[in-house]
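Taking it in order: structure first as structure tokens, then the write-up.
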Amino acid sequence: MRPLSRRQMAWRCAQDLGDGQYVNLGIGMPTLVSDYLPPDREIVLHSENGILGMGGAPKPGEEDPDLINAGRGKATLLPGGSFFHHNDSFLMIRGGHIDVSIMGAYEVSAAGDLANWATDGDTRAPGVGGAMDLAAGAKEVRVLMEHNGKDGSKRIRDVCTLPLTAKGCVTRIYTNLAVLDVTRDGVVVREMIEGLDLETLQKLTEPKLVLSKDWKRIGTPNLQ
Amino acid sequence: MRPLSRRQMAWRCAQDLGDGQYVNLGIGMPTLVSDYLPPDREIVLHSENGILGMGGAPKPGEEDPDLINAGRGKATLLPGGSFFHHNDSFLMIRGGHIDVSIMGAYEVSAAGDLANWATDGDTRAPGVGGAMDLAAGAKEVRVLMEHNGKDGSKRIRDVCTLPLTAKGCVTRIYTNLAVLDVTRDGVVVREMIEGLDLETLQKLTEPKLVLSKDWKRIGTPNLQ
Amino acid sequence: MIDKVVDGFGAALAGMKDGDTLLCGGFGAVGEAFALVEAVIGLGVRDLTVVCNNAGSGLVGVAALLKSGKARRLICSYPRSLDPTVIDELYARRAIEIELVPQGTLSERMRAAGAGIGGFFTRTGADTNLAEGKELREIDGKLFVFEKPLPGDFALIKAHRADRWGNLVYRKAARNFNPVMAMAGKVTVAQVGEIVELGTLDPEAIATPGIFVDRVVLA
Amino acid sequence: MIDKVVDGFGAALAGMKDGDTLLCGGFGAVGEAFALVEAVIGLGVRDLTVVCNNAGSGLVGVAALLKSGKARRLICSYPRSLDPTVIDELYARRAIEIELVPQGTLSERMRAAGAGIGGFFTRTGADTNLAEGKELREIDGKLFVFEKPLPGDFALIKAHRADRWGNLVYRKAARNFNPVMAMAGKVTVAQVGEIVELGTLDPEAIATPGIFVDRVVLA
């Protein structure tokens, strides 16, 4: 059994984005999703700092100091893209105009509660950024995270133990082991990596898992 | 005694506008004020339909169908002017960014209450437009109106009899007979037309008038 | 591929149903999507609520729609115009309900709907009879009235130019209510004078980013 | 004649006093008025409240102002950066108060201040511990939290070009918080890279009309 790499996780997540969707990619791993958007679809990336139609990283030497993404990496603009101020940017988020928000998380609960901004015992000043706005406002929130903490702790929980970002917002979780849907009938396993069985996945997950009838193996290219 | 013409009233009102002020002119008589702005001052006219830096009427043949003022007359744009949407336009009004709003009125009370949107017995559908926004939001509201109704009724009242636009907002009134300030010490007469005395003006006005120590005669050019 | 340009008013207005709320752009006649609004008349939908700063003028656009009897209700700030025959006649025989809203509040209520704001306090109208029945609150010694969001099932707007992503630019004072209505419409349809190649519009000067626009029709 | 262009930072910051609230534009380092913000340090004012999405990076701009000890309080959404030495050190010894506000709420609270809105309800953060002590309200079955306007005594912003009326245009993503802070500042000062002749800026593309700007300084 070989867990997905971060890039493989991002690749898998990208495959579910539909033609014409407006998508916000959170900082960290979600940013990688932009590298794997299906080339046959036009997906419009929104960046909270006032960009629609954001493209990938610029070629070396073509960086523009005034054109960055939400994670402060250098970015580009696609034809059809536009710039606007922060208030319009968060109007788009809060007003339900963003189809999909992809964020990292510390924990997700069986009810779809999201905890992704504060950890226990953080000695640094807390930072929330746009996470609560996205969690409350996007039409759909999908989470991209390692299935378990570095210490083996469970991150898909019956109830979140960390401070919430928003309640009941997450609909789908992409981990390094599986693709799971948060539904009224529980957390449903849609896909698992090669060599993983439900029993093993269940041990790594707090809520009782439901195996989808048409579950399948995640197939991703070899990306490191 | 010769009451001021509408254009003389507008001229008198225009003389009090200061260099650099942002001014909104209401529909009707206030629109005429734009014809008499002192040429030695830059006064930036705001039009509620999304214009700052509005100029006067265009020359014949140079009208632009997409460039109108709030009263739907054809307008022009000065160098330095800008266009924006209605929401930003009323953000300017409501947020206290307009220095002076000049509006017509049916009645003004001794407390500065303004009634300028609904009359008794109007058989047509009521219309309020931007009057309440301007009355509540502009830094200063000045009224330009005939001193009395066509039937001789008093329009400067102890208390307004018509539905209010906003309470306590009017600071100055320009009529065809006088210039009056609404102050905590009462309605103060600053200027009167040639041949008018306080006793006569008082008879045409409900609240007790106070004559300013430095009151003077209104001098205006001969404008019809 | 994203292509929001649709062919004809039938496709532009598809899905409209009885009881829908239509946000109709324009201030006076400027920036009003006359042809698009008039195309509503032929759809057979009724009991519409029309939201518009004015009530149309003459016999075109919003005035034509109101005259057709398809609208049960008008939400506006100033139902008067150079030729108010239609609205005056409808009002005289009480054939239409009118909700009068101050112009800035009308705009702000639509913005709230587009911005996910559940309601807001404004001083506008707080001490007038337009605040009757509404929640009042004193904030920092001043009286405010609570106003609710005003969303539309459709926004029928007019713009100068569009691209296939639905990015819009306007012309001078024809911008007015159109951008805010685009934000507040569940389905936003823009009638435009010209459709340009993607990437042609200046990204710094796009007044309505395509995210707010669902369909574009050339007329 | 209107000429908002002032000569030097002394004139740009004239009138700032102890306890003032400063709205400082920028997202990360982009769109931040480094030199203007740093000029505050030399004024001798203290007990400032700084409102900024982040908390500066390295030892420049907002980070330098915070390090100087002139600010008692920081209102921000994300006090982290590529080089967070200053804020981390201040926070570790509790030498600054931090009010954490979700990024969209931070922006909306400033807009409310600029727009004369007395407060608004948002779903953002309503079911989190950032809503503690705040008014909650259920609207259409969803939980909202009441948020208040956030005005500034000064807004210290950065723009690309200006004219003497104070009209501003920005460059790409350097726009970010600057236009909304311009609306919310009692005194708005723009540090700009270029001052152009009046009438040069496209009236359709002015992102901040001069009405929101009090002073312009070239730097």
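To be explicit about the labels: the chains of the structure tokens are called A, B, and onward in the order shown, and within each one the residues are counted from 1, while ligands get numbers from 1 in the order they are shown.
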With 8 Å as the limit and counting only C-alpha atoms, what residues in chain A lie close to chain D? Please list them as a compact mmCIF listing (two decimals) with N, CA and C atoms, in the first residue's frame.
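Once everything was written out, this is out-v9.txt:
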```txt
# COMPACT_ATOMS: atom_id res chain seq x y z
N ASN A 49 -7.32 37.64 -3.14
CA ASN A 49 -6.73 38.97 -3.23
C ASN A 49 -7.12 39.72 -4.50
N GLY A 50 -8.24 39.31 -5.12
CA GLY A 50 -8.82 40.14 -6.17
C GLY A 50 -8.53 39.72 -7.59
N ILE A 51 -8.53 38.41 -7.84
CA ILE A 51 -8.25 37.92 -9.19
C ILE A 51 -9.28 36.86 -9.57
N PRO A 65 5.79 41.48 -9.80
CA PRO A 65 5.69 41.63 -8.34
C PRO A 65 4.28 41.91 -7.85
N ASP A 66 3.43 42.48 -8.72
CA ASP A 66 2.06 42.83 -8.31
C ASP A 66 1.05 41.73 -8.61
N LEU A 67 1.54 40.57 -9.04
CA LEU A 67 0.60 39.51 -9.42
C LEU A 67 0.94 38.25 -8.63
N ILE A 68 0.27 38.12 -7.47
CA ILE A 68 0.52 36.97 -6.60
C ILE A 68 -0.80 36.26 -6.30
N ARG A 72 0.74 33.88 -1.75
CA ARG A 72 1.83 34.82 -2.02
C ARG A 72 2.87 34.28 -2.98
N PHE A 83 -9.21 41.89 -12.53
CA PHE A 83 -8.77 42.32 -11.20
C PHE A 83 -9.88 43.15 -10.56
N PHE A 84 -10.01 43.01 -9.24
CA PHE A 84 -11.03 43.79 -8.51
C PHE A 84 -10.55 43.90 -7.07
N HIS A 85 -11.26 44.72 -6.27
CA HIS A 85 -10.78 44.93 -4.90
C HIS A 85 -11.28 43.84 -3.96
N HIS A 86 -10.69 43.88 -2.76
CA HIS A 86 -10.96 42.85 -1.77
C HIS A 86 -12.43 42.72 -1.42
N ASN A 87 -13.12 43.84 -1.42
CA ASN A 87 -14.51 43.76 -1.01
C ASN A 87 -15.35 43.02 -2.04
N PHE A 90 -14.53 39.23 -1.77
CA PHE A 90 -15.23 38.49 -0.71
C PHE A 90 -16.74 38.56 -0.87
N LEU A 91 -17.23 39.52 -1.63
CA LEU A 91 -18.65 39.48 -2.02
C LEU A 91 -18.88 38.22 -2.85
N ARG A 94 -18.68 35.26 -0.18
CA ARG A 94 -19.76 35.22 0.80
C ARG A 94 -21.12 35.07 0.13
N THR A 123 1.75 28.41 19.60
CA THR A 123 2.34 29.51 20.37
C THR A 123 2.37 30.80 19.57
N ARG A 124 2.06 30.71 18.27
CA ARG A 124 2.07 31.92 17.45
C ARG A 124 0.70 32.59 17.45
N ALA A 125 0.67 33.83 17.05
CA ALA A 125 -0.60 34.55 16.95
C ALA A 125 -1.53 33.81 16.00
N PRO A 126 -2.79 33.69 16.36
CA PRO A 126 -3.71 32.95 15.50
C PRO A 126 -3.96 33.69 14.18
N GLY A 127 -4.21 32.92 13.13
CA GLY A 127 -4.53 33.51 11.82
C GLY A 127 -5.69 32.77 11.20
N VAL A 128 -6.67 33.49 10.72
CA VAL A 128 -7.82 32.81 10.11
C VAL A 128 -7.92 33.08 8.61
N GLY A 129 -7.40 34.22 8.16
CA GLY A 129 -7.45 34.56 6.74
C GLY A 129 -8.87 34.53 6.21
N GLY A 130 -9.03 33.94 5.03
CA GLY A 130 -10.35 33.88 4.41
C GLY A 130 -11.07 32.56 4.62
N ALA A 131 -10.55 31.72 5.50
CA ALA A 131 -11.10 30.37 5.62
C ALA A 131 -12.57 30.36 6.04
N MET A 132 -12.91 31.19 7.02
CA MET A 132 -14.30 31.20 7.49
C MET A 132 -15.25 31.74 6.44
N ASP A 133 -14.79 32.72 5.67
CA ASP A 133 -15.61 33.27 4.60
C ASP A 133 -15.88 32.22 3.54
N ALA A 135 -15.63 28.92 3.88
CA ALA A 135 -16.40 27.81 4.44
C ALA A 135 -17.88 28.15 4.53
N ALA A 136 -18.17 29.42 4.87
CA ALA A 136 -19.56 29.82 5.01
C ALA A 136 -20.21 30.17 3.68
N GLY A 137 -19.40 30.57 2.71
CA GLY A 137 -19.98 31.16 1.52
C GLY A 137 -19.94 30.36 0.24
N PRO A 163 -11.02 24.22 17.25
CA PRO A 163 -11.98 25.30 16.97
C PRO A 163 -12.50 25.22 15.53
N LEU A 164 -13.81 25.42 15.38
CA LEU A 164 -14.42 25.28 14.06
C LEU A 164 -14.15 26.47 13.15
N THR A 165 -14.13 26.18 11.87
CA THR A 165 -14.12 27.21 10.83
C THR A 165 -15.56 27.49 10.38
N ALA A 166 -16.33 26.41 10.24
CA ALA A 166 -17.78 26.51 9.97
C ALA A 166 -18.38 25.13 10.18
N LYS A 167 -19.65 25.12 10.48
CA LYS A 167 -20.35 23.85 10.65
C LYS A 167 -20.90 23.35 9.32
```
Chain D contacts on chain C, only C-alpha atoms, 7 Å, as an mmCIF file with N, CA, C and O atoms, in the first residue's frame:
```cif
data_model
loop_
_atom_site.group_PDB
_atom_site.id
_atom_site.type_symbol
_atom_site.label_atom_id
_atom_site.label_comp_id
_atom_site.auth_asym_id
_atom_site.auth_seq_id
_atom_site.Cartn_x
_atom_site.Cartn_y
_atom_site.Cartn_z
ATOM 1 N N GLY C 116 -24.191 37.920 0.205
ATOM 2 C CA GLY C 116 -24.396 37.000 1.316
ATOM 3 C C GLY C 116 -24.573 37.697 2.653
ATOM 4 O O GLY C 116 -24.288 37.134 3.708
ATOM 5 N N ILE C 117 -25.029 38.936 2.608
ATOM 6 C CA ILE C 117 -25.309 39.690 3.837
ATOM 7 C C ILE C 117 -26.774 39.461 4.210
ATOM 8 O O ILE C 117 -27.660 39.601 3.363
ATOM 9 N N GLY C 118 -27.022 39.121 5.475
ATOM 10 C CA GLY C 118 -28.376 38.777 5.906
ATOM 11 C C GLY C 118 -29.269 39.970 6.168
ATOM 12 O O GLY C 118 -30.470 39.821 6.385
ATOM 13 N N GLY C 119 -28.711 41.139 6.136
ATOM 14 C CA GLY C 119 -29.452 42.367 6.389
ATOM 15 C C GLY C 119 -28.511 43.387 6.977
ATOM 16 O O GLY C 119 -27.405 43.043 7.407
ATOM 17 N N PHE C 120 -28.938 44.653 6.961
ATOM 18 C CA PHE C 120 -28.045 45.737 7.399
ATOM 19 C C PHE C 120 -28.866 46.881 7.967
ATOM 20 O O PHE C 120 -30.068 46.999 7.698
ATOM 21 N N PHE C 121 -28.189 47.707 8.751
ATOM 22 C CA PHE C 121 -28.832 48.895 9.316
ATOM 23 C C PHE C 121 -28.396 50.132 8.548
ATOM 24 O O PHE C 121 -27.202 50.329 8.317
ATOM 25 N N THR C 122 -29.378 50.938 8.162
ATOM 26 C CA THR C 122 -29.086 52.190 7.461
ATOM 27 C C THR C 122 -29.878 53.324 8.101
ATOM 28 O O THR C 122 -30.971 53.111 8.634
ATOM 29 N N ILE C 139 -27.865 53.364 17.084
ATOM 30 C CA ILE C 139 -26.449 53.008 17.064
ATOM 31 C C ILE C 139 -25.658 54.295 17.185
ATOM 32 O O ILE C 139 -25.838 55.216 16.383
ATOM 33 N N LYS C 172 -20.395 54.924 -19.828
ATOM 34 C CA LYS C 172 -20.746 56.150 -19.089
ATOM 35 C C LYS C 172 -21.834 55.882 -18.030
ATOM 36 O O LYS C 172 -21.725 54.903 -17.284
ATOM 37 N N GLU C 204 -8.193 45.420 -15.877
ATOM 38 C CA GLU C 204 -8.285 46.428 -14.805
ATOM 39 C C GLU C 204 -9.589 47.218 -14.889
ATOM 40 O O GLU C 204 -9.908 47.982 -13.978
ATOM 41 N N ALA C 205 -10.314 47.077 -15.995
ATOM 42 C CA ALA C 205 -11.473 47.935 -16.242
ATOM 43 C C ALA C 205 -12.764 47.159 -16.453
ATOM 44 O O ALA C 205 -13.771 47.724 -16.849
#
```
Apply DSSP to the structure's backbone, then extract all residues of range 43-99 of chain D labelled strand (DSSP E or B) and return them as an NGL selection string.
:D and (48-51 or 71-76 or 97-99)
Could you go through range 9-205 of chain B and tell me which residues DSSP, when run on the backbone, assigns to alpha helix (DSSP H), listing them as a PDB file with N, CA, C and O atoms, in the first residue's frame?
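That gives us selection21.pdb:
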```
ATOM      1  N   MET B   9     -32.307  82.479  -7.629  1.00  0.00           N
ATOM      2  CA  MET B   9     -32.190  81.632  -6.434  1.00  0.00           C
ATOM      3  C   MET B   9     -31.030  80.642  -6.603  1.00  0.00           C
ATOM      4  O   MET B   9     -30.220  80.442  -5.696  1.00  0.00           O
ATOM      5  N   ALA B  10     -30.973  80.004  -7.783  1.00  0.00           N
ATOM      6  CA  ALA B  10     -29.914  79.031  -8.049  1.00  0.00           C
ATOM      7  C   ALA B  10     -28.544  79.724  -8.008  1.00  0.00           C
ATOM      8  O   ALA B  10     -27.580  79.192  -7.467  1.00  0.00           O
ATOM      9  N   TRP B  11     -28.493  80.937  -8.573  1.00  0.00           N
ATOM     10  CA  TRP B  11     -27.240  81.695  -8.564  1.00  0.00           C
ATOM     11  C   TRP B  11     -26.783  81.961  -7.134  1.00  0.00           C
ATOM     12  O   TRP B  11     -25.632  81.722  -6.787  1.00  0.00           O
ATOM     13  N   ARG B  12     -27.716  82.413  -6.309  1.00  0.00           N
ATOM     14  CA  ARG B  12     -27.359  82.740  -4.913  1.00  0.00           C
ATOM     15  C   ARG B  12     -26.841  81.506  -4.169  1.00  0.00           C
ATOM     16  O   ARG B  12     -25.853  81.559  -3.445  1.00  0.00           O
ATOM     17  N   CYS B  13     -27.534  80.396  -4.409  1.00  0.00           N
ATOM     18  CA  CYS B  13     -27.161  79.134  -3.769  1.00  0.00           C
ATOM     19  C   CYS B  13     -25.755  78.715  -4.191  1.00  0.00           C
ATOM     20  O   CYS B  13     -24.939  78.283  -3.377  1.00  0.00           O
ATOM     21  N   ALA B  14     -25.459  78.882  -5.479  1.00  0.00           N
ATOM     22  CA  ALA B  14     -24.163  78.458  -6.022  1.00  0.00           C
ATOM     23  C   ALA B  14     -22.996  79.217  -5.395  1.00  0.00           C
ATOM     24  O   ALA B  14     -21.900  78.673  -5.240  1.00  0.00           O
ATOM     25  N   HIS B  86     -24.267  52.242  -9.289  1.00  0.00           N
ATOM     26  CA  HIS B  86     -25.202  52.841  -8.343  1.00  0.00           C
ATOM     27  C   HIS B  86     -24.850  52.562  -6.896  1.00  0.00           C
ATOM     28  O   HIS B  86     -25.077  53.382  -6.020  1.00  0.00           O
ATOM     29  N   ASN B  87     -24.308  51.375  -6.646  1.00  0.00           N
ATOM     30  CA  ASN B  87     -24.025  51.044  -5.261  1.00  0.00           C
ATOM     31  C   ASN B  87     -22.891  51.889  -4.710  1.00  0.00           C
ATOM     32  O   ASN B  87     -22.945  52.364  -3.573  1.00  0.00           O
ATOM     33  N   ASP B  88     -21.859  52.087  -5.510  1.00  0.00           N
ATOM     34  CA  ASP B  88     -20.782  52.981  -5.088  1.00  0.00           C
ATOM     35  C   ASP B  88     -21.285  54.415  -4.998  1.00  0.00           C
ATOM     36  O   ASP B  88     -20.847  55.186  -4.135  1.00  0.00           O
ATOM     37  N   SER B  89     -22.201  54.770  -5.894  1.00  0.00           N
ATOM     38  CA  SER B  89     -22.726  56.130  -5.883  1.00  0.00           C
ATOM     39  C   SER B  89     -23.450  56.423  -4.566  1.00  0.00           C
ATOM     40  O   SER B  89     -23.260  57.484  -3.965  1.00  0.00           O
ATOM     41  N   PHE B  90     -24.257  55.476  -4.117  1.00  0.00           N
ATOM     42  CA  PHE B  90     -24.985  55.697  -2.862  1.00  0.00           C
ATOM     43  C   PHE B  90     -24.132  55.397  -1.632  1.00  0.00           C
ATOM     44  O   PHE B  90     -24.448  55.863  -0.540  1.00  0.00           O
ATOM     45  N   LEU B  91     -23.079  54.639  -1.813  1.00  0.00           N
ATOM     46  CA  LEU B  91     -22.083  54.524  -0.732  1.00  0.00           C
ATOM     47  C   LEU B  91     -21.503  55.914  -0.465  1.00  0.00           C
ATOM     48  O   LEU B  91     -21.331  56.318   0.686  1.00  0.00           O
ATOM     49  N   MET B  92     -21.217  56.656  -1.539  1.00  0.00           N
ATOM     50  CA  MET B  92     -20.700  58.018  -1.369  1.00  0.00           C
ATOM     51  C   MET B  92     -21.708  58.885  -0.610  1.00  0.00           C
ATOM     52  O   MET B  92     -21.337  59.674   0.256  1.00  0.00           O
ATOM     53  N   ILE B  93     -22.978  58.728  -0.967  1.00  0.00           N
ATOM     54  CA  ILE B  93     -24.021  59.551  -0.340  1.00  0.00           C
ATOM     55  C   ILE B  93     -24.229  59.130   1.113  1.00  0.00           C
ATOM     56  O   ILE B  93     -24.123  59.936   2.036  1.00  0.00           O
ATOM     57  N   ARG B  94     -24.475  57.865   1.329  1.00  0.00           N
ATOM     58  CA  ARG B  94     -24.837  57.376   2.661  1.00  0.00           C
ATOM     59  C   ARG B  94     -23.658  57.476   3.624  1.00  0.00           C
ATOM     60  O   ARG B  94     -23.831  57.682   4.824  1.00  0.00           O
ATOM     61  N   ALA B 131     -33.853  60.950  -2.360  1.00  0.00           N
ATOM     62  CA  ALA B 131     -33.971  62.072  -1.412  1.00  0.00           C
ATOM     63  C   ALA B 131     -33.663  61.654   0.021  1.00  0.00           C
ATOM     64  O   ALA B 131     -32.972  62.365   0.754  1.00  0.00           O
ATOM     65  N   MET B 132     -34.179  60.501   0.439  1.00  0.00           N
ATOM     66  CA  MET B 132     -33.948  60.080   1.835  1.00  0.00           C
ATOM     67  C   MET B 132     -32.489  59.727   2.082  1.00  0.00           C
ATOM     68  O   MET B 132     -31.968  59.942   3.175  1.00  0.00           O
ATOM     69  N   ASP B 133     -31.840  59.141   1.072  1.00  0.00           N
ATOM     70  CA  ASP B 133     -30.424  58.802   1.192  1.00  0.00           C
ATOM     71  C   ASP B 133     -29.595  60.072   1.340  1.00  0.00           C
ATOM     72  O   ASP B 133     -28.705  60.161   2.198  1.00  0.00           O
ATOM     73  N   LEU B 134     -29.886  61.057   0.493  1.00  0.00           N
ATOM     74  CA  LEU B 134     -29.148  62.319   0.547  1.00  0.00           C
ATOM     75  C   LEU B 134     -29.410  63.043   1.860  1.00  0.00           C
ATOM     76  O   LEU B 134     -28.481  63.563   2.482  1.00  0.00           O
ATOM     77  N   ALA B 135     -30.653  63.070   2.279  1.00  0.00           N
ATOM     78  CA  ALA B 135     -31.006  63.792   3.505  1.00  0.00           C
ATOM     79  C   ALA B 135     -30.327  63.156   4.713  1.00  0.00           C
ATOM     80  O   ALA B 135     -29.886  63.841   5.630  1.00  0.00           O
ATOM     81  N   ALA B 136     -30.215  61.818   4.712  1.00  0.00           N
ATOM     82  CA  ALA B 136     -29.621  61.119   5.853  1.00  0.00           C
ATOM     83  C   ALA B 136     -28.098  61.094   5.776  1.00  0.00           C
ATOM     84  O   ALA B 136     -27.431  60.980   6.801  1.00  0.00           O
ATOM     85  N   GLY B 137     -27.552  61.180   4.557  1.00  0.00           N
ATOM     86  CA  GLY B 137     -26.129  60.888   4.406  1.00  0.00           C
ATOM     87  C   GLY B 137     -25.213  62.051   4.124  1.00  0.00           C
ATOM     88  O   GLY B 137     -24.032  62.014   4.499  1.00  0.00           O
ATOM     89  N   LEU B 198     -38.379  92.385   8.001  1.00  0.00           N
ATOM     90  CA  LEU B 198     -38.529  91.170   8.801  1.00  0.00           C
ATOM     91  C   LEU B 198     -39.994  90.889   9.120  1.00  0.00           C
ATOM     92  O   LEU B 198     -40.440  89.743   9.094  1.00  0.00           O
ATOM     93  N   GLU B 199     -40.742  91.946   9.390  1.00  0.00           N
ATOM     94  CA  GLU B 199     -42.141  91.780   9.761  1.00  0.00           C
ATOM     95  C   GLU B 199     -42.924  91.097   8.624  1.00  0.00           C
ATOM     96  O   GLU B 199     -43.694  90.177   8.855  1.00  0.00           O
ATOM     97  N   THR B 200     -42.667  91.550   7.411  1.00  0.00           N
ATOM     98  CA  THR B 200     -43.348  90.958   6.258  1.00  0.00           C
ATOM     99  C   THR B 200     -42.915  89.506   6.082  1.00  0.00           C
ATOM    100  O   THR B 200     -43.737  88.610   5.841  1.00  0.00           O
ATOM    101  N   LEU B 201     -41.607  89.256   6.182  1.00  0.00           N
ATOM    102  CA  LEU B 201     -41.107  87.889   6.024  1.00  0.00           C
ATOM    103  C   LEU B 201     -41.682  86.971   7.115  1.00  0.00           C
ATOM    104  O   LEU B 201     -42.057  85.824   6.854  1.00  0.00           O
ATOM    105  N   GLN B 202     -41.796  87.524   8.344  1.00  0.00           N
ATOM    106  CA  GLN B 202     -42.323  86.717   9.459  1.00  0.00           C
ATOM    107  C   GLN B 202     -43.750  86.258   9.166  1.00  0.00           C
ATOM    108  O   GLN B 202     -44.119  85.130   9.473  1.00  0.00           O
ATOM    109  N   LYS B 203     -44.519  87.113   8.542  1.00  0.00           N
ATOM    110  CA  LYS B 203     -45.911  86.755   8.240  1.00  0.00           C
ATOM    111  C   LYS B 203     -45.995  85.601   7.256  1.00  0.00           C
ATOM    112  O   LYS B 203     -46.999  84.891   7.189  1.00  0.00           O
TER     113      LYS B 203
END
```
Applying 9 Å and only C-alpha atoms, which residues near Leu36 in chain D remain after dropping the ones on its own chain fewer than 3 positions away? List them as a list in words.
Phe9, Ala12, Leu13, Ala33, Ala39, Val40, Gly61, Leu156, Ile157, Lys158, Val189, Ala190, Gln191, Val217 and Ala219 of chain D
Find the residues near Ser5 in chain B: any atom within 7 Å, counting only C-alpha atoms, skip ones fewer than 6 places away on the same chain, and give them as a list in words.
Asn176, Leu223 and Gln224 of chain B
Selection to disk with C-alpha atoms, as a PDB file, in the first residue's frame:
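Saved the output as result27.pdb:
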```pdb
ATOM      1  CA  ASN B 176     -37.122  83.600  -3.483  1.00  0.00           C
ATOM      2  CA  LEU B 223     -31.341  86.347 -14.381  1.00  0.00           C
ATOM      3  CA  GLN B 224     -34.716  85.196 -15.658  1.00  0.00           C
TER       4      GLN B 224
END
```
Near Leu168 in chain D, counting only C-alpha atoms, which residues have an atom at most 10 Å away, once you skip same-chain residues fewer than 5 positions from it, shown as a list in words?
Lys158, Ala159, His160, Arg161, Ala162, Asp163, Pro179, Ala190, Val192, Ile195, Leu201, Ala205, Ile206, Ala207, Thr208, Pro209, Gly210, Phe212, Val213 and Val216 of chain D
Just the number, please: distance in Å from CA of Asp40 in chain B to CA of Pro60 in chain B, one decimal.
25.7 Å
What's around range 185-188 of chain C at 6 Å? Count only C-alpha atoms, leave out sequence neighbours fewer than 2 positions away in its own chain, and write the answer as a PyMOL selection string.
chain C and resi 152-155+182-183+213-214
Give me a file of those residues, with C-alpha atoms, as a compact mmCIF listing (two decimals), in the first residue's frame.
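Listing of out-v4.txt after writing:
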```txt
# COMPACT_ATOMS: atom_id res chain seq x y z
CA GLY C 152 -33.77 38.33 -8.00
CA ASP C 153 -34.62 35.11 -9.78
CA PHE C 154 -33.46 36.88 -12.93
CA ALA C 155 -31.44 40.03 -13.47
CA ALA C 182 -25.80 41.27 -11.88
CA MET C 183 -24.55 40.38 -8.40
CA VAL C 213 -23.18 36.70 -15.48
CA ASP C 214 -24.93 33.56 -16.70
```
Just give me the gap between CA of Gly69 in chain D and CA of Asp7 in chain D in Å, one decimal is fine.
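The value is 26.8 Å.
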